[in-house]
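Shown here: target.cif, mmCIF, C-alpha atoms.
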```
data_protein
loop_
_atom_site.group_PDB
_atom_site.id
_atom_site.type_symbol
_atom_site.label_atom_id
_atom_site.label_comp_id
_atom_site.auth_asym_id
_atom_site.auth_seq_id
_atom_site.Cartn_x
_atom_site.Cartn_y
_atom_site.Cartn_z
ATOM 1 C CA MET F 23 -52.900 4.894 16.380
ATOM 2 C CA SER F 24 -49.689 3.884 14.659
ATOM 3 C CA ALA F 25 -49.872 1.999 11.384
ATOM 4 C CA LEU F 26 -47.596 -0.599 13.014
ATOM 5 C CA ASP F 27 -49.453 -0.875 16.324
ATOM 6 C CA GLY F 28 -50.268 -4.403 17.351
ATOM 7 C CA VAL F 29 -48.026 -5.876 14.660
ATOM 8 C CA GLU F 30 -44.946 -7.866 15.668
ATOM 9 C CA LEU F 31 -42.469 -7.056 12.962
ATOM 10 C CA LYS F 32 -38.965 -8.237 12.187
ATOM 11 C CA ALA F 33 -36.698 -6.179 9.960
ATOM 12 C CA LEU F 34 -33.319 -6.768 8.349
ATOM 13 C CA VAL F 35 -30.956 -3.870 7.596
ATOM 14 C CA VAL F 36 -28.324 -4.618 4.937
ATOM 15 C CA GLU F 37 -25.700 -1.896 4.672
ATOM 16 C CA ASP F 38 -21.906 -1.847 4.508
ATOM 17 C CA ASN F 39 -21.571 1.493 6.300
ATOM 18 C CA GLN F 40 -21.781 0.855 10.030
ATOM 19 C CA HIS F 41 -22.961 4.389 10.794
ATOM 20 C CA PHE F 42 -25.869 4.206 8.386
ATOM 21 C CA ARG F 43 -26.717 0.732 9.715
ATOM 22 C CA LEU F 44 -26.854 2.139 13.219
ATOM 23 C CA LEU F 45 -29.026 5.077 12.104
ATOM 24 C CA ILE F 46 -31.612 2.863 10.404
ATOM 25 C CA SER F 47 -31.640 0.216 13.131
ATOM 26 C CA THR F 48 -32.057 2.821 15.874
ATOM 27 C CA VAL F 49 -35.015 4.393 14.092
ATOM 28 C CA LEU F 50 -36.633 0.990 13.511
ATOM 29 C CA HIS F 51 -36.327 0.079 17.199
ATOM 30 C CA THR F 52 -37.870 3.425 18.133
ATOM 31 C CA LEU F 53 -40.796 2.762 15.792
ATOM 32 C CA GLY F 54 -41.526 -0.428 17.718
ATOM 33 C CA ILE F 55 -40.011 -2.987 15.365
ATOM 34 C CA SER F 56 -39.364 -5.736 17.868
ATOM 35 C CA GLN F 57 -36.446 -7.473 16.164
ATOM 36 C CA VAL F 58 -33.911 -5.791 13.889
ATOM 37 C CA ALA F 59 -31.078 -7.838 12.411
ATOM 38 C CA GLU F 60 -28.104 -6.420 10.523
ATOM 39 C CA ALA F 61 -26.013 -7.677 7.622
ATOM 40 C CA ARG F 62 -23.024 -6.161 5.812
ATOM 41 C CA ASP F 63 -23.841 -7.141 2.225
ATOM 42 C CA GLY F 64 -26.287 -9.142 0.133
ATOM 43 C CA ALA F 65 -24.566 -12.492 0.618
ATOM 44 C CA ASP F 66 -24.391 -11.970 4.385
ATOM 45 C CA ALA F 67 -28.103 -11.084 4.344
ATOM 46 C CA LEU F 68 -29.070 -14.220 2.399
ATOM 47 C CA ARG F 69 -27.251 -16.380 4.937
ATOM 48 C CA LEU F 70 -28.962 -14.594 7.810
ATOM 49 C CA LEU F 71 -32.408 -14.952 6.236
ATOM 50 C CA GLN F 72 -32.100 -18.737 6.383
ATOM 51 C CA SER F 73 -32.789 -18.466 10.123
ATOM 52 C CA PHE F 74 -34.332 -14.991 10.512
ATOM 53 C CA GLN F 75 -37.815 -14.549 9.036
ATOM 54 C CA ALA F 76 -37.808 -10.830 8.272
ATOM 55 C CA ASP F 77 -41.064 -9.063 7.436
ATOM 56 C CA PHE F 78 -39.189 -6.515 5.349
ATOM 57 C CA VAL F 79 -35.645 -5.653 4.357
ATOM 58 C CA ILE F 80 -33.934 -2.284 4.018
ATOM 59 C CA VAL F 81 -30.966 -2.808 1.708
ATOM 60 C CA ASP F 82 -28.263 -0.502 0.369
ATOM 61 C CA TRP F 83 -27.424 -0.556 -3.331
ATOM 62 C CA LYS F 84 -23.629 -0.437 -3.491
ATOM 63 C CA MET F 85 -22.016 -3.175 -1.430
ATOM 64 C CA GLU F 86 -19.434 -5.882 -1.952
ATOM 65 C CA PRO F 87 -19.283 -8.719 -2.666
ATOM 66 C CA MET F 88 -23.062 -8.802 -3.343
ATOM 67 C CA ASP F 89 -24.864 -5.503 -3.901
ATOM 68 C CA GLY F 90 -28.522 -4.697 -3.315
ATOM 69 C CA ILE F 91 -29.598 -5.456 -6.886
ATOM 70 C CA GLY F 92 -27.958 -8.885 -6.733
ATOM 71 C CA PHE F 93 -29.678 -9.490 -3.416
ATOM 72 C CA ALA F 94 -33.083 -8.548 -4.855
ATOM 73 C CA HIS F 95 -32.544 -10.897 -7.824
ATOM 74 C CA LYS F 96 -31.692 -13.775 -5.475
ATOM 75 C CA ILE F 97 -34.708 -13.113 -3.258
ATOM 76 C CA ARG F 98 -37.133 -12.936 -6.180
ATOM 77 C CA HIS F 99 -35.732 -15.676 -8.426
ATOM 78 C CA SER F 100 -33.461 -18.128 -6.613
ATOM 79 C CA PRO F 101 -34.833 -21.603 -5.851
ATOM 80 C CA ASP F 102 -33.154 -21.191 -2.455
ATOM 81 C CA SER F 103 -34.903 -17.903 -1.713
ATOM 82 C CA PRO F 104 -36.247 -17.795 1.852
ATOM 83 C CA ASN F 105 -39.251 -15.735 0.694
ATOM 84 C CA PRO F 106 -39.706 -14.547 -2.916
ATOM 85 C CA PHE F 107 -42.365 -12.088 -1.706
ATOM 86 C CA LEU F 108 -40.135 -10.419 0.884
ATOM 87 C CA PRO F 109 -40.755 -6.636 0.812
ATOM 88 C CA ILE F 110 -37.525 -4.848 -0.190
ATOM 89 C CA ILE F 111 -36.828 -1.167 0.439
ATOM 90 C CA MET F 112 -33.675 -0.056 -1.363
ATOM 91 C CA VAL F 113 -31.677 2.910 -0.088
ATOM 92 C CA SER F 114 -29.058 4.596 -2.197
ATOM 93 C CA GLY F 115 -27.134 7.779 -2.733
ATOM 94 C CA TYR F 116 -27.621 7.155 -6.443
ATOM 95 C CA SER F 117 -31.066 8.362 -7.437
ATOM 96 C CA GLU F 118 -30.815 8.847 -11.209
ATOM 97 C CA ALA F 119 -33.957 7.724 -13.036
ATOM 98 C CA ALA F 120 -32.203 4.889 -14.888
ATOM 99 C CA LEU F 121 -30.880 3.437 -11.629
ATOM 100 C CA VAL F 122 -34.257 3.692 -9.934
ATOM 101 C CA ALA F 123 -35.740 1.851 -12.916
ATOM 102 C CA GLU F 124 -33.082 -0.856 -12.585
ATOM 103 C CA ALA F 125 -34.043 -1.333 -8.939
ATOM 104 C CA ARG F 126 -37.723 -1.481 -9.854
ATOM 105 C CA ASP F 127 -37.048 -4.077 -12.553
ATOM 106 C CA ALA F 128 -35.071 -6.163 -10.049
ATOM 107 C CA GLY F 129 -38.246 -6.458 -7.973
ATOM 108 C CA VAL F 130 -37.569 -3.790 -5.361
ATOM 109 C CA ASN F 131 -40.754 -2.559 -3.679
ATOM 110 C CA GLU F 132 -39.691 0.938 -2.673
ATOM 111 C CA PHE F 133 -36.727 3.203 -3.377
ATOM 112 C CA LEU F 134 -35.399 5.496 -0.639
ATOM 113 C CA PRO F 135 -32.794 8.085 -1.683
ATOM 114 C CA LYS F 136 -30.051 9.160 0.711
ATOM 115 C CA PRO F 137 -29.883 11.277 2.712
ATOM 116 C CA ILE F 138 -32.965 9.787 4.303
ATOM 117 C CA SER F 139 -35.426 11.733 6.434
ATOM 118 C CA ALA F 140 -37.702 10.460 9.172
ATOM 119 C CA ARG F 141 -40.678 11.139 6.924
ATOM 120 C CA SER F 142 -39.271 9.338 3.871
ATOM 121 C CA LEU F 143 -38.312 6.271 5.922
ATOM 122 C CA VAL F 144 -41.683 6.036 7.674
ATOM 123 C CA ALA F 145 -43.430 6.479 4.308
ATOM 124 C CA ARG F 146 -41.582 3.520 2.737
ATOM 125 C CA ILE F 147 -42.153 1.246 5.736
ATOM 126 C CA THR F 148 -45.832 2.180 5.806
ATOM 127 C CA ALA F 149 -46.096 1.464 2.085
ATOM 128 C CA VAL F 150 -44.684 -2.066 2.279
ATOM 129 C CA ILE F 151 -46.464 -3.045 5.514
ATOM 130 C CA SER F 152 -49.842 -1.311 5.288
ATOM 131 C CA SER F 153 -50.394 -1.056 1.531
ATOM 132 C CA PRO F 154 -48.459 -3.871 -0.155
ATOM 133 C CA ARG F 155 -48.913 -4.082 -3.912
ATOM 134 C CA PRO F 156 -49.854 -7.410 -5.505
ATOM 135 C CA PHE F 157 -47.073 -9.318 -7.203
ATOM 136 C CA VAL F 158 -46.788 -9.929 -10.912
ATOM 137 C CA ARG F 159 -45.288 -12.972 -12.571
ATOM 138 C CA SER F 160 -44.517 -12.645 -16.291
ATOM 139 C CA PRO F 161 -41.927 -14.242 -18.573
ATOM 140 C CA ASP F 162 -39.412 -11.486 -17.868
ATOM 141 C CA TYR F 163 -40.401 -10.138 -14.456
ATOM 142 C CA PHE F 164 -41.361 -11.281 -10.990
ATOM 143 C CA GLY F 165 -41.981 -8.782 -8.231
ATOM 144 C CA PRO F 166 -44.390 -6.143 -6.950
ATOM 145 C CA ASP F 167 -46.687 -4.666 -9.573
ATOM 146 C CA ARG F 168 -44.745 -1.861 -11.235
ATOM 147 C CA ARG F 169 -47.988 -0.040 -11.998
ATOM 148 C CA ARG F 170 -48.610 1.817 -8.767
ATOM 149 C CA ALA F 171 -51.975 3.256 -9.752
ATOM 150 C CA GLN F 172 -54.672 0.905 -11.016
ATOM 151 C CA GLN F 173 -56.173 3.169 -13.661
ATOM 152 C CA PRO F 174 -58.654 2.396 -16.436
ATOM 153 C CA PHE F 175 -56.823 1.338 -19.596
ATOM 154 C CA SER F 176 -58.564 1.490 -22.964
ATOM 155 C CA GLY F 177 -55.846 -0.006 -25.180
ATOM 156 C CA HIS F 178 -54.638 -3.569 -25.668
ATOM 157 C CA ASP F 179 -53.525 -4.734 -22.212
ATOM 158 C CA ARG F 180 -50.515 -6.928 -23.009
ATOM 159 C CA ARG F 181 -50.142 -7.835 -19.354
ATOM 160 C CA SER F 182 -53.466 -9.668 -19.286
ATOM 161 C CA LEU F 183 -52.027 -12.178 -21.760
ATOM 162 C CA VAL F 184 -48.574 -12.780 -20.348
ATOM 163 C CA ALA F 185 -48.644 -11.940 -16.644
ATOM 164 C CA GLU F 186 -50.275 -13.296 -13.535
ATOM 165 C CA LEU F 187 -51.278 -10.988 -10.695
ATOM 166 C CA ILE F 188 -50.591 -12.660 -7.372
ATOM 167 C CA PRO F 189 -52.019 -11.383 -4.081
ATOM 168 C CA PHE F 190 -49.299 -10.275 -1.693
ATOM 169 C CA ARG F 191 -47.746 -13.095 0.389
ATOM 170 C CA LYS F 192 -49.297 -15.989 -1.511
ATOM 171 C CA LEU F 193 -46.325 -18.335 -1.603
ATOM 172 C CA GLY F 194 -45.595 -20.733 -4.407
ATOM 173 C CA MET V 11 -47.152 5.505 -1.743
ATOM 174 C CA ALA V 12 -48.141 7.151 1.524
ATOM 175 C CA ASP V 13 -45.813 10.124 1.578
ATOM 176 C CA ARG V 14 -48.230 13.025 1.807
ATOM 177 C CA ASP V 15 -48.634 14.564 5.230
ATOM 178 C CA ASP V 16 -52.229 13.388 5.610
ATOM 179 C CA ASP V 17 -51.349 9.789 4.697
ATOM 180 C CA LEU V 18 -48.591 9.313 7.243
ATOM 181 C CA ASP V 19 -48.761 8.431 10.902
ATOM 182 C CA GLN V 20 -47.530 11.691 12.403
ATOM 183 C CA GLU V 21 -46.701 10.052 15.726
ATOM 184 C CA MET V 22 -44.335 7.658 13.982
ATOM 185 C CA VAL V 23 -42.750 10.497 12.021
ATOM 186 C CA ALA V 24 -42.254 12.525 15.213
ATOM 187 C CA LYS V 25 -40.642 9.546 16.972
ATOM 188 C CA ALA V 26 -38.297 8.964 14.050
ATOM 189 C CA GLU V 27 -37.403 12.665 13.832
ATOM 190 C CA ALA V 28 -36.627 12.738 17.552
ATOM 191 C CA VAL V 29 -34.335 9.726 17.433
ATOM 192 C CA ILE V 30 -32.471 11.047 14.385
ATOM 193 C CA ALA V 31 -32.044 14.421 16.107
ATOM 194 C CA GLY V 32 -30.693 12.564 19.133
ATOM 195 C CA LEU V 33 -27.984 11.015 16.946
ATOM 196 C CA LYS V 34 -26.653 14.371 15.730
ATOM 197 C CA GLY V 35 -23.726 14.267 18.172
ATOM 198 C CA ALA V 36 -22.784 10.821 16.926
ATOM 199 C CA TYR V 37 -23.088 12.037 13.329
ATOM 200 C CA LEU V 38 -20.577 14.817 14.002
ATOM 201 C CA ASP V 39 -18.133 12.173 15.248
ATOM 202 C CA TRP V 40 -18.787 10.055 12.144
ATOM 203 C CA VAL V 41 -18.257 12.872 9.659
ATOM 204 C CA THR V 42 -15.159 14.045 11.545
ATOM 205 C CA GLU V 43 -13.718 10.555 11.116
ATOM 206 C CA ASP V 44 -14.721 10.564 7.423
ATOM 207 C CA LEU V 45 -12.888 13.864 6.954
ATOM 208 C CA ARG V 46 -9.823 12.509 8.743
ATOM 209 C CA ARG V 47 -9.776 9.572 6.326
ATOM 210 C CA LEU V 48 -10.274 11.892 3.355
ATOM 211 C CA GLU V 49 -7.345 14.028 4.498
ATOM 212 C CA GLY V 50 -5.178 10.915 4.824
ATOM 213 C CA LEU V 51 -6.075 9.815 1.304
ATOM 214 C CA PHE V 52 -5.525 13.309 -0.044
ATOM 215 C CA ALA V 53 -2.029 13.358 1.445
ATOM 216 C CA GLU V 54 -1.367 9.959 -0.111
ATOM 217 C CA VAL V 55 -2.613 11.088 -3.524
ATOM 218 C CA SER V 56 -0.667 14.336 -3.376
ATOM 219 C CA ALA V 57 2.577 12.489 -2.666
ATOM 220 C CA VAL V 58 2.602 10.521 -5.922
ATOM 221 C CA GLU V 59 3.007 11.514 -9.547
ATOM 222 C CA PRO V 60 -0.179 12.550 -11.440
ATOM 223 C CA GLU V 61 -0.307 9.329 -13.470
ATOM 224 C CA ALA V 62 -0.335 7.245 -10.272
ATOM 225 C CA ARG V 63 -3.201 9.170 -8.674
ATOM 226 C CA GLY V 64 -6.183 7.767 -10.586
ATOM 227 C CA PRO V 65 -6.266 4.317 -8.923
ATOM 228 C CA LEU V 66 -6.478 5.976 -5.487
ATOM 229 C CA MET V 67 -9.420 8.216 -6.327
ATOM 230 C CA PRO V 68 -12.199 5.583 -5.936
ATOM 231 C CA GLN V 69 -11.382 5.478 -2.213
ATOM 232 C CA ILE V 70 -11.952 9.226 -2.005
ATOM 233 C CA PHE V 71 -15.191 8.793 -3.962
ATOM 234 C CA THR V 72 -16.463 6.124 -1.558
ATOM 235 C CA ILE V 73 -15.954 8.260 1.540
ATOM 236 C CA ALA V 74 -17.320 11.379 -0.166
ATOM 237 C CA HIS V 75 -20.378 9.329 -1.095
ATOM 238 C CA ASP V 76 -20.911 8.433 2.570
ATOM 239 C CA VAL V 77 -20.574 12.110 3.516
ATOM 240 C CA LYS V 78 -23.128 13.008 0.851
ATOM 241 C CA GLY V 79 -25.527 10.309 2.022
ATOM 242 C CA GLN V 80 -25.565 11.260 5.703
ATOM 243 C CA GLY V 81 -25.343 15.035 6.086
ATOM 244 C CA GLY V 82 -28.894 15.902 5.109
ATOM 245 C CA SER V 83 -30.359 13.347 7.524
ATOM 246 C CA PHE V 84 -28.944 15.377 10.405
ATOM 247 C CA GLY V 85 -29.633 18.857 9.076
ATOM 248 C CA TYR V 86 -26.237 19.310 7.409
ATOM 249 C CA ASP V 87 -27.568 19.834 3.888
ATOM 250 C CA LEU V 88 -24.541 21.861 2.844
ATOM 251 C CA MET V 89 -22.284 18.918 3.782
ATOM 252 C CA THR V 90 -24.402 16.683 1.532
ATOM 253 C CA ALA V 91 -24.132 19.255 -1.294
ATOM 254 C CA ILE V 92 -20.329 19.502 -1.046
ATOM 255 C CA GLY V 93 -20.000 15.709 -0.719
ATOM 256 C CA ASN V 94 -22.067 15.368 -3.878
ATOM 257 C CA GLN V 95 -19.854 17.834 -5.723
ATOM 258 C CA LEU V 96 -16.741 15.938 -4.680
ATOM 259 C CA CYS V 97 -18.314 12.702 -5.970
ATOM 260 C CA ARG V 98 -19.287 14.300 -9.288
ATOM 261 C CA PHE V 99 -15.818 15.825 -9.698
ATOM 262 C CA VAL V 100 -13.982 12.584 -8.946
ATOM 263 C CA GLU V 101 -16.133 10.503 -11.288
ATOM 264 C CA ALA V 102 -15.861 13.033 -14.143
ATOM 265 C CA ARG V 103 -12.087 13.568 -14.030
ATOM 266 C CA GLU V 104 -9.563 11.428 -15.812
ATOM 267 C CA ASP V 105 -6.524 13.640 -15.480
ATOM 268 C CA TRP V 106 -5.325 14.109 -11.922
ATOM 269 C CA SER V 107 -3.015 17.033 -12.388
ATOM 270 C CA ASP V 108 -2.069 19.314 -9.523
ATOM 271 C CA ALA V 109 -4.801 21.706 -10.713
ATOM 272 C CA SER V 110 -7.426 18.973 -10.338
ATOM 273 C CA LEU V 111 -6.139 18.136 -6.878
ATOM 274 C CA ALA V 112 -6.335 21.806 -5.940
ATOM 275 C CA LEU V 113 -10.086 21.722 -6.465
ATOM 276 C CA VAL V 114 -10.379 18.584 -4.334
ATOM 277 C CA ARG V 115 -8.451 20.507 -1.678
ATOM 278 C CA LYS V 116 -11.016 23.341 -1.904
ATOM 279 C CA LEU V 117 -13.899 20.932 -1.455
ATOM 280 C CA LEU V 118 -12.240 19.301 1.553
ATOM 281 C CA ASP V 119 -11.609 22.735 3.038
ATOM 282 C CA ALA V 120 -15.286 23.557 2.516
ATOM 283 C CA MET V 121 -16.265 20.438 4.462
ATOM 284 C CA ARG V 122 -13.902 21.384 7.280
ATOM 285 C CA LEU V 123 -15.382 24.877 7.390
ATOM 286 C CA ILE V 124 -18.937 23.491 7.608
ATOM 287 C CA LEU V 125 -17.910 21.447 10.629
ATOM 288 C CA ALA V 126 -15.823 24.152 12.269
ATOM 289 C CA GLU V 127 -18.578 26.735 11.953
ATOM 290 C CA GLY V 128 -21.456 24.349 12.579
ATOM 291 C CA LEU V 129 -23.112 25.353 9.298
ATOM 292 C CA GLU V 130 -26.429 23.521 9.416
ATOM 293 C CA GLY V 131 -29.065 23.687 6.697
ATOM 294 C CA ASP V 132 -27.908 25.766 3.735
ATOM 295 C CA GLY V 133 -25.365 27.518 5.948
ATOM 296 C CA GLY V 134 -26.983 30.950 5.662
ATOM 297 C CA ALA V 135 -24.825 33.825 4.430
ATOM 298 C CA MET V 136 -21.595 31.954 5.115
ATOM 299 C CA GLY V 137 -22.858 28.927 3.200
ATOM 300 C CA ALA V 138 -23.853 31.119 0.242
ATOM 301 C CA ALA V 139 -20.415 32.768 0.262
ATOM 302 C CA LEU V 140 -18.762 29.351 0.405
ATOM 303 C CA LEU V 141 -20.703 28.112 -2.624
ATOM 304 C CA ALA V 142 -20.015 31.336 -4.560
ATOM 305 C CA ASP V 143 -16.307 30.903 -3.851
ATOM 306 C CA LEU V 144 -16.434 27.311 -5.087
ATOM 307 C CA HIS V 145 -18.280 28.463 -8.220
ATOM 308 C CA ARG V 146 -15.368 30.721 -9.077
ATOM 309 C CA ASP V 147 -12.838 27.967 -8.471
ATOM 310 C CA VAL V 148 -14.783 25.490 -10.565
ATOM 311 C CA GLU V 149 -15.049 27.934 -13.443
ATOM 312 C CA ALA V 150 -11.336 28.595 -13.205
ATOM 313 C CA ALA V 151 -10.713 24.839 -13.334
ATOM 314 C CA GLY V 152 -12.947 24.502 -16.389
ATOM 315 C CA GLY V 153 -15.822 22.687 -14.679
ATOM 316 C CA PRO V 154 -17.690 20.382 -14.873
ATOM 317 C CA LEU V 155 -19.373 20.848 -11.496
ATOM 318 C CA THR V 156 -22.750 22.425 -11.039
ATOM 319 C CA LEU V 157 -22.922 23.910 -7.599
ATOM 320 C CA THR V 158 -26.379 24.708 -6.314
#
```
Could I get this file's structure written as structure tokens?
Amino acid sequence: MSALDGVELKALVVEDNQHFRLLISTVLHTLGISQVAEARDGADALRLLQSFQADFVIVDWKMEPMDGIGFAHKIRHSPDSPNPFLPIIMVSGYSEAALVAEARDAGVNEFLPKPISARSLVARITAVISSPRPFVRSPDYFGPDRRRAQQPFSGHDRRSLVAELIPFRKLG
Amino acid sequence: MADRDDDLDQEMVAKAEAVIAGLKGAYLDWVTEDLRRLEGLFAEVSAVEPEARGPLMPQIFTIAHDVKGQGGSFGYDLMTAIGNQLCRFVEAREDWSDASLALVRKLLDAMRLILAEGLEGDGGAMGAALLADLHRDVEAAGGPLTLT
């Protein structure tokens, strides 16, 4: 049984390259995502999300006028955000460690390097839909928990003093 | 994250692989159009003096970046590798002498050869020969590419 079976999902694809938009959207339709909307950049996506309640977003990094990092900041922090908990999968041809860390610190859930494969795309969608991480709110970060593995920690846990763990999708 | 074989829904993966494979014909049209645009920009860059070339290079970078980002999805890994090298070369260069442009020409020719010969994957013996040839040209140009 598919991890998405029985789930009515809506997805938003934000990408300035029309060919890559078509590739992602076609795959999403094939996977049974019932509604797939498309936007050309972050600002276009924010406008669209006012009326389209996406369950997750696949967003490119480099776009103009608003890139994927700017979009993630707006979703996570803007008072006008349609859903601060919206799962964000960022795709990019830039996969250097520092850039991946920048995406993570912007509140991106998953990073998907180009060129994508069927397996890598399905893995990221499965991760955000079937195994969403709790969110963390701290003075300098809001987004999915950046610690993927919950491992025993014997030292002084700074996070316990300054951060709040929020179950996925608890709004407000 | 669920990216190990035993964690993923294999039916979903198979469906996604099939639909991407079905788009290969469309991809060849896309990359052909990208190469046409690259050739147009190259002609434009070649027609001006070296000091006027720099401002035009970001357009070449953008298209090369698209070529890099798509090839591997459709089995054209060598196209992704050459697109990546063109990106790295453009972003590293400040002087756009005729010698620098000559290496861009080589990389564009390599892309055309990949398409003309249908070199999928690593391109086999022809792909290896192509990369070895580019290695020599890069060394002659003083780097800084790393061709793998």
Kindly assemble as JSON lines a list of the chain F residues that lie within 6 Å of chain V, each paired with its nearest atom pair and their distance in Å to one decimal, using all atoms listed in the file, sorted first by chain and then by ascending residue number.
```
{"residue": "F:Ser24", "atom": "CA", "partner": "V:Asp19", "partner_atom": "CA", "distance": 6.0}
{"residue": "F:Val49", "atom": "CA", "partner": "V:Ala26", "partner_atom": "CA", "distance": 5.6}
{"residue": "F:Gly115", "atom": "CA", "partner": "V:Gly79", "partner_atom": "CA", "distance": 5.6}
{"residue": "F:Lys136", "atom": "CA", "partner": "V:Gly79", "partner_atom": "CA", "distance": 4.8}
{"residue": "F:Pro137", "atom": "CA", "partner": "V:Gly79", "partner_atom": "CA", "distance": 4.5}
{"residue": "F:Ile138", "atom": "CA", "partner": "V:Ser83", "partner_atom": "CA", "distance": 5.5}
{"residue": "F:Ser139", "atom": "CA", "partner": "V:Ser83", "partner_atom": "CA", "distance": 5.4}
{"residue": "F:Ala140", "atom": "CA", "partner": "V:Ala26", "partner_atom": "CA", "distance": 5.1}
{"residue": "F:Arg141", "atom": "CA", "partner": "V:Val23", "partner_atom": "CA", "distance": 5.5}
{"residue": "F:Ala145", "atom": "CA", "partner": "V:Asp13", "partner_atom": "CA", "distance": 5.1}
{"residue": "F:Ala149", "atom": "CA", "partner": "V:Met11", "partner_atom": "CA", "distance": 5.7}
```
I want to know what sits within 12 Å of Phe164 (chain F), based on only C-alpha atoms, with residues of the same chain fewer than 4 positions away left out; could you give that as number ranges by chain?
F: 94-100, 106-108, 126-131, 156-160, 168, 184-188
In the coordinates of the file, take the point (-36.9, -2.3, 16.2) and a cut-off of 10 Å; then, counting only C-alpha atoms, name each qualifying protein, DNA or RNA residue as an NGL selection string.
:F and (30-34 or 46-59)
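Here CA of Ser107 (chain V) and CA of Arg122 (chain V) stand 22.9 Å from one another.
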Atom pair CA of Ile110 (chain F) / CA of Gln40 (chain F): separation (Å)
19.6 Å
Compile the contact shell of Ser117 (chain F) as a PyMOL selection string: residues with an atom at most 9 Å away, counting all atoms listed in the file, same-chain residues fewer than 6 positions apart removed.
chain F and resi 133-136
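Selection by the PyMOL selection byres ((chain F and resi 86) around 10) on the present file picks out Glu37, Asp38, Arg62, Asp63, Gly64, Ala65, Trp83, Lys84, Met85, Pro87, Met88, Asp89 and Gly90 of chain F.
Within 8 Å of region 96-101 of chain V, once all atoms listed in the file are used and residues closer than 4 positions along the same chain are dropped, the contacting residues are Met67, Pro68, Ile70, Phe71, Ala74, His75, Ile92, Val114, Leu117, Pro154 and Leu155 of chain V.
Here CA of Ser114 (chain F) stands at a distance of 5.8 Å from CA of Asp82 (chain F).
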Taking the file as shown, find all residues satisfying the PyMOL selection byres ((chain F and resi 79) around 7) and write them as a ChimeraX atom specification.
/F:33-35,76,78,80-81,109-111
Take the residues from that selection and write them out as a CSV table (one decimal), in the coordinates of the input, keeping C-alpha atoms.
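Contents of result.csv, as written:
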```
chain,number,residue,atom,x,y,z
F,33,ALA,CA,-36.7,-6.2,10.0
F,34,LEU,CA,-33.3,-6.8,8.3
F,35,VAL,CA,-31.0,-3.9,7.6
F,76,ALA,CA,-37.8,-10.8,8.3
F,78,PHE,CA,-39.2,-6.5,5.3
F,80,ILE,CA,-33.9,-2.3,4.0
F,81,VAL,CA,-31.0,-2.8,1.7
F,109,PRO,CA,-40.8,-6.6,0.8
F,110,ILE,CA,-37.5,-4.8,-0.2
F,111,ILE,CA,-36.8,-1.2,0.4
```
Can you spell out as a PyMOL selection string the set of residues that the PyMOL selection byres ((chain V and resi 144) around 12) selects in the structure I just provided?
chain V and resi 91-92+95-96+112-121+137-143+145-151+153+155-158
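The shortest atom-to-atom distance to Ile73 (chain V), with only C-alpha atoms taken into account, belongs to V:Glu49 out of V:Leu123, V:Glu54, V:Trp106, V:Glu49.
In terms of minimum interatomic distance to Ser73 (chain F), F:Asn105 ranks closest within F:Ile91, F:Ile151, F:Leu45, F:Asn105, counting all atoms listed in the file.
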Between V:Gly131, V:Gly93, V:Met136, V:Ala126, which residue has the minimum interatomic distance to Leu38 (chain V), considering all atoms listed in the file?
V:Ala126
Centre, edges in Å (one decimal): axis-aligned box, region 91-104 of chain F, 3 Å padding on all six sides, as AutoDock Vina command-line options:
```
--center_x -32.5 --center_y -13.5 --center_z -3.3 --size_x 15.2 --size_y 22.1 --size_z 16.3
```
